[in-house]
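Structure first, commentary second.
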Amino acid sequence: MAITKIFLRRGKEESLQRRHPWIFSGAIYNIENADSIAEGDIVDLYSAKGDFLARGHYQIGSIAVRVLTFEQQEINAAWWQERIASAYDVRRTLGLTECGHTTCYRLIHGEGDNLPGLVVDIYGSVAVVQCHSVGMYRSRQQIAEAIVAVFGDKITAVYDKSAQTVPFKANLNPVDGYLYGSAEKDNVVLENGHKFLVNWEEGQKTGFFIDQRFNRELVKRYAAGRTVLNTFCYTGGFSVYALRGGAKLVHSVDVSQKAIDLVRSNVAHNFGENAPHEAFAEEAFEFMAKNENKYDLIVLDPPAFAKHRDAVKNALRGYQRLNAKGIQSIRPGGILFTFSCSQAIDKEMFRLAVFSAAAQVGRRVRILHQLHQPADHPINIYHPEGEYLKGLVLEVE
């Protein structure tokens, strides 16, 4: 079957020549056989002069093509296996594939692994796939087969969890389910020796927020003897690490009762029933407002406030308001860990929002650490938008 050719407007090839993996709809001059093209199809991109530039998945929307390769190579089973093997080798270099005290990590991080629109997380012997584009969703069975080919008997199941991430306007009617093998619904994984229950079928994202692994270790270093508040706690990762670090008391807060039940289970799995820990199903801002000056370590790790560019202004106001409350609420000499996982908010925007919050409250604040995502969430150097996780560790006088 012939691959559809897409020709760009004059001068619009420059981003591809810099190896940026997206082409926006406004850059397109002409699509050959436009009436027959379907979302998710493999297409070839050409300059206005007719020079081949790249091959990728076509999609409807602002981002019109996500580039898979800058070469005219067939996207077949061997191609998928080579790409996934390359990503696996990186994780092996990082010491994650055979690590006895950590059994969960990210195998594929979209553009960071030259597979835009695809996320794969590993939980023990199970791979959980999330497709963020129609092209990747239509390729999900090939992806599963390639994962099994690369891992061999180290993988017993591949679960597709794309129903909430694939574009809904594509009318695919996606249903989550196993692409290969099967597994129990609830499983215990290890992260730096800590035990966490993971339910990839019903939990958020792929079941666990793997991207905070190193930042949780830093919380453990600061937790000894402190009274800790973990807001937006979800599975309670920061809470477990704070307890392991010798915190005097840890309070976990999340608006979801299911999250609160999960953090209680994770604390019990690691410390039994008598840990100095309490969990509250409440809204974080309201909880801080009525519990000021009680904590000397606070974690602010909210969900993304801006999932697209149009929401940036409101998101920055939200980050400023939340951080102002955190800075106002913490005891003198306290440590504040604050994060943004919004890709549309860059690190300078986030830092300005936190600066504005500190100025609003009028307390002296030092930056002790500037945090980001771990190495198994790599950033493609040609795609700086992939640096989505930003964090600051502040000392508040």
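Each chain in the structure tokens gets a letter, A, B, ..., in the order shown, and its residues are numbered from 1; ligands are numbered from 1 in order too.
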Subject >> Which of region 22-96 of chain A fall in alpha helix (DSSP H), as a PyMOL selection string >> reply: chain A and resi 77-93
Residues of region 146-165 of chain A within 10 Å of region 132-137 of chain A: nearest atom pair and distance (Å, one decimal) for each, counting only C-alpha atoms, sorted by chain and number, as a Markdown table?
| residue | atom | partner | partner_atom | distance |
| --- | --- | --- | --- | --- |
| A:Asp160 | CA | A:Tyr137 | CA | 9.1 |
| A:Ser162 | CA | A:His132 | CA | 7.2 |
| A:Ala163 | CA | A:His132 | CA | 9.5 |
| A:Gln164 | CA | A:His132 | CA | 8.9 |
| A:Thr165 | CA | A:His132 | CA | 5.2 |
Can I get the selected residues back with N, CA and C atoms, as a PDB file, in the first residue's frame?
ATOM      1  N   ASP A 160      -3.072  -2.937  27.975  1.00  0.00           N
ATOM      2  CA  ASP A 160      -3.324  -1.681  27.270  1.00  0.00           C
ATOM      3  C   ASP A 160      -4.273  -0.827  28.106  1.00  0.00           C
ATOM      4  N   SER A 162      -5.310   2.576  27.329  1.00  0.00           N
ATOM      5  CA  SER A 162      -5.364   3.759  26.464  1.00  0.00           C
ATOM      6  C   SER A 162      -6.746   4.390  26.379  1.00  0.00           C
ATOM      7  N   ALA A 163      -7.735   3.806  27.034  1.00  0.00           N
ATOM      8  CA  ALA A 163      -9.108   4.293  26.863  1.00  0.00           C
ATOM      9  C   ALA A 163      -9.262   5.760  27.240  1.00  0.00           C
ATOM     10  N   GLN A 164      -8.477   6.217  28.237  1.00  0.00           N
ATOM     11  CA  GLN A 164      -8.595   7.595  28.700  1.00  0.00           C
ATOM     12  C   GLN A 164      -7.571   8.531  28.062  1.00  0.00           C
ATOM     13  N   THR A 165      -6.662   7.993  27.240  1.00  0.00           N
ATOM     14  CA  THR A 165      -5.589   8.834  26.701  1.00  0.00           C
ATOM     15  C   THR A 165      -5.646   8.996  25.179  1.00  0.00           C
TER      16      THR A 165
END
**OP:** Fewer than 5 positions away in the same chain doesn't count, so skip those; otherwise give me all residues within 8 Å of His369 (chain A), counting only C-alpha atoms, as an MDAnalysis selection string.
**Re:** chainID A and resid 392:394
Selection to disk with N, CA and C atoms, as a PDB file, in the first residue's frame:
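Saved result, result01.pdb, follows:
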ATOM      1  N   LEU A 392      10.869  22.472  43.057  1.00  0.00           N
ATOM      2  CA  LEU A 392      11.773  23.292  43.877  1.00  0.00           C
ATOM      3  C   LEU A 392      11.689  22.795  45.310  1.00  0.00           C
ATOM      4  N   VAL A 393      12.817  22.788  45.973  1.00  0.00           N
ATOM      5  CA  VAL A 393      12.863  22.549  47.427  1.00  0.00           C
ATOM      6  C   VAL A 393      13.244  23.872  48.059  1.00  0.00           C
ATOM      7  N   LEU A 394      12.369  24.373  48.924  1.00  0.00           N
ATOM      8  CA  LEU A 394      12.536  25.702  49.513  1.00  0.00           C
ATOM      9  C   LEU A 394      12.716  25.590  51.030  1.00  0.00           C
TER      10      LEU A 394
END
Original post:
So, counting only C-alpha atoms, which residue among A:Gly193, A:Pro378, A:Gly152, A:Gly117 is closest to Cys99 (chain A)?
Top reply: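 Of the candidates, the smallest distance to Cys99 (chain A) is held by A:Gly193.
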**OP:** Could you check how far CA of Leu197 (chain A) sits from CA of Ala259 (chain A), in Å to one decimal?
**Re:**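 Value for the CA of Leu197 (chain A)-CA of Ala259 (chain A) distance: 11.4 Å.
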Subject >> Residue contacts of Ala353 (chain A) (10 Å, only C-alpha atoms) excluding same-chain residues fewer than 3 positions away, as a list in words >> reply: Ala315, Leu316, Arg317, Gly318, Tyr319, Gln320, Arg321, Leu322, Asn323, Ala324, Lys347, Glu348, Met349, Phe350, Ser356, Ala357, Ala358 and Ala359 of chain A
Residue selection dump (N, CA and C atoms) as a PDB file, in the first residue's frame:
ATOM      1  N   ALA A 315      -3.532  28.463  35.103  1.00  0.00           N
ATOM      2  CA  ALA A 315      -2.673  27.517  35.828  1.00  0.00           C
ATOM      3  C   ALA A 315      -1.647  28.253  36.676  1.00  0.00           C
ATOM      4  N   LEU A 316      -1.030  29.290  36.131  1.00  0.00           N
ATOM      5  CA  LEU A 316      -0.030  30.049  36.891  1.00  0.00           C
ATOM      6  C   LEU A 316      -0.648  30.706  38.111  1.00  0.00           C
ATOM      7  N   ARG A 317      -1.881  31.190  37.970  1.00  0.00           N
ATOM      8  CA  ARG A 317      -2.575  31.744  39.141  1.00  0.00           C
ATOM      9  C   ARG A 317      -2.809  30.658  40.185  1.00  0.00           C
ATOM     10  N   GLY A 318      -3.162  29.464  39.701  1.00  0.00           N
ATOM     11  CA  GLY A 318      -3.378  28.351  40.621  1.00  0.00           C
ATOM     12  C   GLY A 318      -2.119  27.959  41.363  1.00  0.00           C
ATOM     13  N   TYR A 319      -0.985  27.888  40.644  1.00  0.00           N
ATOM     14  CA  TYR A 319       0.283  27.554  41.300  1.00  0.00           C
ATOM     15  C   TYR A 319       0.688  28.640  42.301  1.00  0.00           C
ATOM     16  N   GLN A 320       0.463  29.884  41.952  1.00  0.00           N
ATOM     17  CA  GLN A 320       0.810  30.968  42.879  1.00  0.00           C
ATOM     18  C   GLN A 320      -0.037  30.878  44.146  1.00  0.00           C
ATOM     19  N   ARG A 321      -1.335  30.652  43.980  1.00  0.00           N
ATOM     20  CA  ARG A 321      -2.236  30.577  45.134  1.00  0.00           C
ATOM     21  C   ARG A 321      -1.886  29.396  46.036  1.00  0.00           C
ATOM     22  N   LEU A 322      -1.624  28.239  45.435  1.00  0.00           N
ATOM     23  CA  LEU A 322      -1.298  27.046  46.216  1.00  0.00           C
ATOM     24  C   LEU A 322       0.013  27.223  46.963  1.00  0.00           C
ATOM     25  N   ASN A 323       1.038  27.754  46.292  1.00  0.00           N
ATOM     26  CA  ASN A 323       2.331  27.918  46.942  1.00  0.00           C
ATOM     27  C   ASN A 323       2.301  29.010  48.001  1.00  0.00           C
ATOM     28  N   ALA A 324       1.501  30.046  47.784  1.00  0.00           N
ATOM     29  CA  ALA A 324       1.357  31.072  48.820  1.00  0.00           C
ATOM     30  C   ALA A 324       0.782  30.457  50.090  1.00  0.00           C
ATOM     31  N   LYS A 347       9.895  25.662  33.258  1.00  0.00           N
ATOM     32  CA  LYS A 347      10.464  25.816  34.600  1.00  0.00           C
ATOM     33  C   LYS A 347      10.606  27.276  35.008  1.00  0.00           C
ATOM     34  N   GLU A 348      10.796  28.169  34.031  1.00  0.00           N
ATOM     35  CA  GLU A 348      10.894  29.589  34.378  1.00  0.00           C
ATOM     36  C   GLU A 348       9.537  30.146  34.790  1.00  0.00           C
ATOM     37  N   MET A 349       8.473  29.742  34.106  1.00  0.00           N
ATOM     38  CA  MET A 349       7.122  30.146  34.493  1.00  0.00           C
ATOM     39  C   MET A 349       6.795  29.665  35.907  1.00  0.00           C
ATOM     40  N   PHE A 350       7.129  28.409  36.173  1.00  0.00           N
ATOM     41  CA  PHE A 350       6.823  27.844  37.482  1.00  0.00           C
ATOM     42  C   PHE A 350       7.611  28.550  38.577  1.00  0.00           C
ATOM     43  N   SER A 356       6.429  34.726  43.068  1.00  0.00           N
ATOM     44  CA  SER A 356       5.310  35.634  43.326  1.00  0.00           C
ATOM     45  C   SER A 356       4.562  35.238  44.598  1.00  0.00           C
ATOM     46  N   ALA A 357       4.447  33.919  44.816  1.00  0.00           N
ATOM     47  CA  ALA A 357       3.788  33.434  46.032  1.00  0.00           C
ATOM     48  C   ALA A 357       4.563  33.843  47.282  1.00  0.00           C
ATOM     49  N   ALA A 358       5.905  33.688  47.232  1.00  0.00           N
ATOM     50  CA  ALA A 358       6.738  34.067  48.376  1.00  0.00           C
ATOM     51  C   ALA A 358       6.641  35.565  48.654  1.00  0.00           C
ATOM     52  N   ALA A 359       6.677  36.369  47.576  1.00  0.00           N
ATOM     53  CA  ALA A 359       6.578  37.821  47.741  1.00  0.00           C
ATOM     54  C   ALA A 359       5.223  38.222  48.309  1.00  0.00           C
TER      55      ALA A 359
END
Original post:
Hey, what's within 12 Å of Ile367 (chain A) if we count only C-alpha atoms and toss same-chain stuff fewer than 2 positions away? As a ChimeraX atom specification, please?
Top reply: /A:335-338,351,354-355,358,364-365,369-371,391-397
**OP:** Write out as a VMD selection string the residues lying within 12 Å of Arg140 (chain A), counting only C-alpha atoms and excluding same-chain residues fewer than 6 positions away.
**Re:** chain A and resid 40 77 80 117 to 120 128 to 134 146 to 147 158 to 162 166 174 176 to 180
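When only C-alpha atoms are used to measure the gap to Asp310 (chain A), the shortest distance among A:Ala170, A:Ile345, A:Ala289, A:Leu262 belongs to A:Ile345.
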**OP:** Would you list the contacts of Val219 (chain A) as an MDAnalysis selection string, taking every protein, DNA or RNA residue within 10 Å and counting only C-alpha atoms, but skipping same-chain residues closer than 5 positions in sequence?
**Re:** chainID A and resid 214 224 228 238:245 247 297:299 335:337 393
Subject >> Selected residue of minimal separation from Ala268 (chain A) among A:Lys325, A:Lys195, A:Arg213, A:His251, counting only C-alpha atoms >> reply: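 Closest candidate: A:Lys195.
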DSSP on the backbone, strand (DSSP E) only: what residues of region 169-309 of chain A does that give? Format it as a compact mmCIF listing (two decimals) with N, CA and C atoms, in the first residue's frame.
# COMPACT_ATOMS: atom_id res chain seq x y z
N GLY A 177 -7.56 -3.45 28.23
CA GLY A 177 -7.51 -4.90 28.37
C GLY A 177 -6.13 -5.45 28.06
N TYR A 178 -5.96 -6.74 28.27
CA TYR A 178 -4.66 -7.39 28.07
C TYR A 178 -4.43 -7.67 26.59
N LEU A 179 -3.28 -7.25 26.12
CA LEU A 179 -2.83 -7.56 24.76
C LEU A 179 -2.04 -8.86 24.72
N TYR A 180 -1.54 -9.25 25.88
CA TYR A 180 -0.76 -10.48 25.99
C TYR A 180 -0.82 -10.94 27.44
N GLY A 181 -1.09 -12.23 27.66
CA GLY A 181 -1.09 -12.79 29.01
C GLY A 181 -2.16 -12.19 29.89
N ASN A 187 -1.18 -5.61 42.59
CA ASN A 187 0.16 -6.16 42.70
C ASN A 187 1.03 -5.25 43.56
N VAL A 188 2.02 -5.84 44.21
CA VAL A 188 2.97 -5.07 45.00
C VAL A 188 4.27 -4.96 44.23
N VAL A 189 4.73 -3.71 44.05
CA VAL A 189 6.02 -3.47 43.41
C VAL A 189 6.95 -2.82 44.42
N LEU A 190 8.24 -2.82 44.09
CA LEU A 190 9.24 -2.20 44.95
C LEU A 190 9.79 -0.95 44.29
N GLU A 191 9.98 0.09 45.07
CA GLU A 191 10.68 1.28 44.62
C GLU A 191 11.68 1.65 45.71
N HIS A 194 10.90 0.13 48.98
CA HIS A 194 9.59 0.41 49.58
C HIS A 194 8.51 -0.31 48.79
N LYS A 195 7.49 -0.80 49.48
CA LYS A 195 6.43 -1.58 48.85
C LYS A 195 5.24 -0.68 48.51
N PHE A 196 4.71 -0.86 47.28
CA PHE A 196 3.54 -0.09 46.86
C PHE A 196 2.57 -0.99 46.10
N LEU A 197 1.30 -0.88 46.47
CA LEU A 197 0.24 -1.56 45.74
C LEU A 197 -0.02 -0.81 44.44
N VAL A 198 -0.08 -1.53 43.33
CA VAL A 198 -0.34 -0.91 42.03
C VAL A 198 -1.51 -1.62 41.37
N THR A 227 7.55 17.03 61.31
CA THR A 227 6.12 16.80 61.12
C THR A 227 5.80 17.13 59.67
N VAL A 228 5.28 16.14 58.93
CA VAL A 228 5.21 16.22 57.47
C VAL A 228 3.76 16.24 57.00
N LEU A 229 3.48 17.10 56.02
CA LEU A 229 2.18 17.12 55.35
C LEU A 229 2.42 16.79 53.87
N ASN A 230 1.76 15.75 53.38
CA ASN A 230 1.84 15.34 51.98
C ASN A 230 0.49 15.60 51.33
N THR A 231 0.41 16.67 50.54
CA THR A 231 -0.85 17.00 49.89
C THR A 231 -0.93 16.36 48.50
N LEU A 249 5.77 12.64 62.53
CA LEU A 249 4.36 12.45 62.20
C LEU A 249 4.17 12.79 60.73
N VAL A 250 3.35 12.01 60.02
CA VAL A 250 3.05 12.29 58.62
C VAL A 250 1.54 12.32 58.44
N HIS A 251 1.05 13.39 57.82
CA HIS A 251 -0.35 13.50 57.43
C HIS A 251 -0.44 13.48 55.91
N SER A 252 -1.31 12.61 55.38
CA SER A 252 -1.52 12.50 53.94
C SER A 252 -2.91 13.02 53.61
N VAL A 253 -3.00 13.87 52.59
CA VAL A 253 -4.26 14.51 52.23
C VAL A 253 -4.52 14.33 50.74
N HIS A 277 1.13 7.99 61.37
CA HIS A 277 0.57 8.46 60.10
C HIS A 277 -0.95 8.54 60.19
N GLU A 278 -1.50 9.62 59.62
CA GLU A 278 -2.95 9.76 59.47
C GLU A 278 -3.24 10.25 58.07
N ALA A 279 -4.38 9.84 57.53
CA ALA A 279 -4.76 10.23 56.17
C ALA A 279 -6.15 10.86 56.20
N PHE A 280 -6.33 11.88 55.35
CA PHE A 280 -7.56 12.67 55.36
C PHE A 280 -8.08 12.87 53.94
N LEU A 297 7.61 20.23 57.24
CA LEU A 297 7.92 19.78 55.89
C LEU A 297 6.59 19.57 55.17
N ILE A 298 6.41 20.26 54.05
CA ILE A 298 5.17 20.16 53.28
C ILE A 298 5.52 19.79 51.84
N VAL A 299 4.75 18.86 51.28
CA VAL A 299 4.89 18.47 49.87
C VAL A 299 3.65 18.94 49.12
N LEU A 300 3.88 19.73 48.07
CA LEU A 300 2.81 20.17 47.17
C LEU A 300 3.05 19.54 45.80
Original post:
Mind pulling up the distance from CA of Arg331 (chain A) to CA of Pro276 (chain A)?
Top reply: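 Separation of CA of Pro276 (chain A) and CA of Arg331 (chain A): 19.4 Å.
CA of Ile75 (chain A) lies 24.6 Å from CA of Lys12 (chain A).
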Original post:
Nearest to Pro384 (chain A) among A:His20, A:Leu218, A:Lys169, A:Ala48, with distances taken over only C-alpha atoms: which residue is it?
Top reply: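 Among the listed residues, the smallest separation from Pro384 (chain A) belongs to A:His20.
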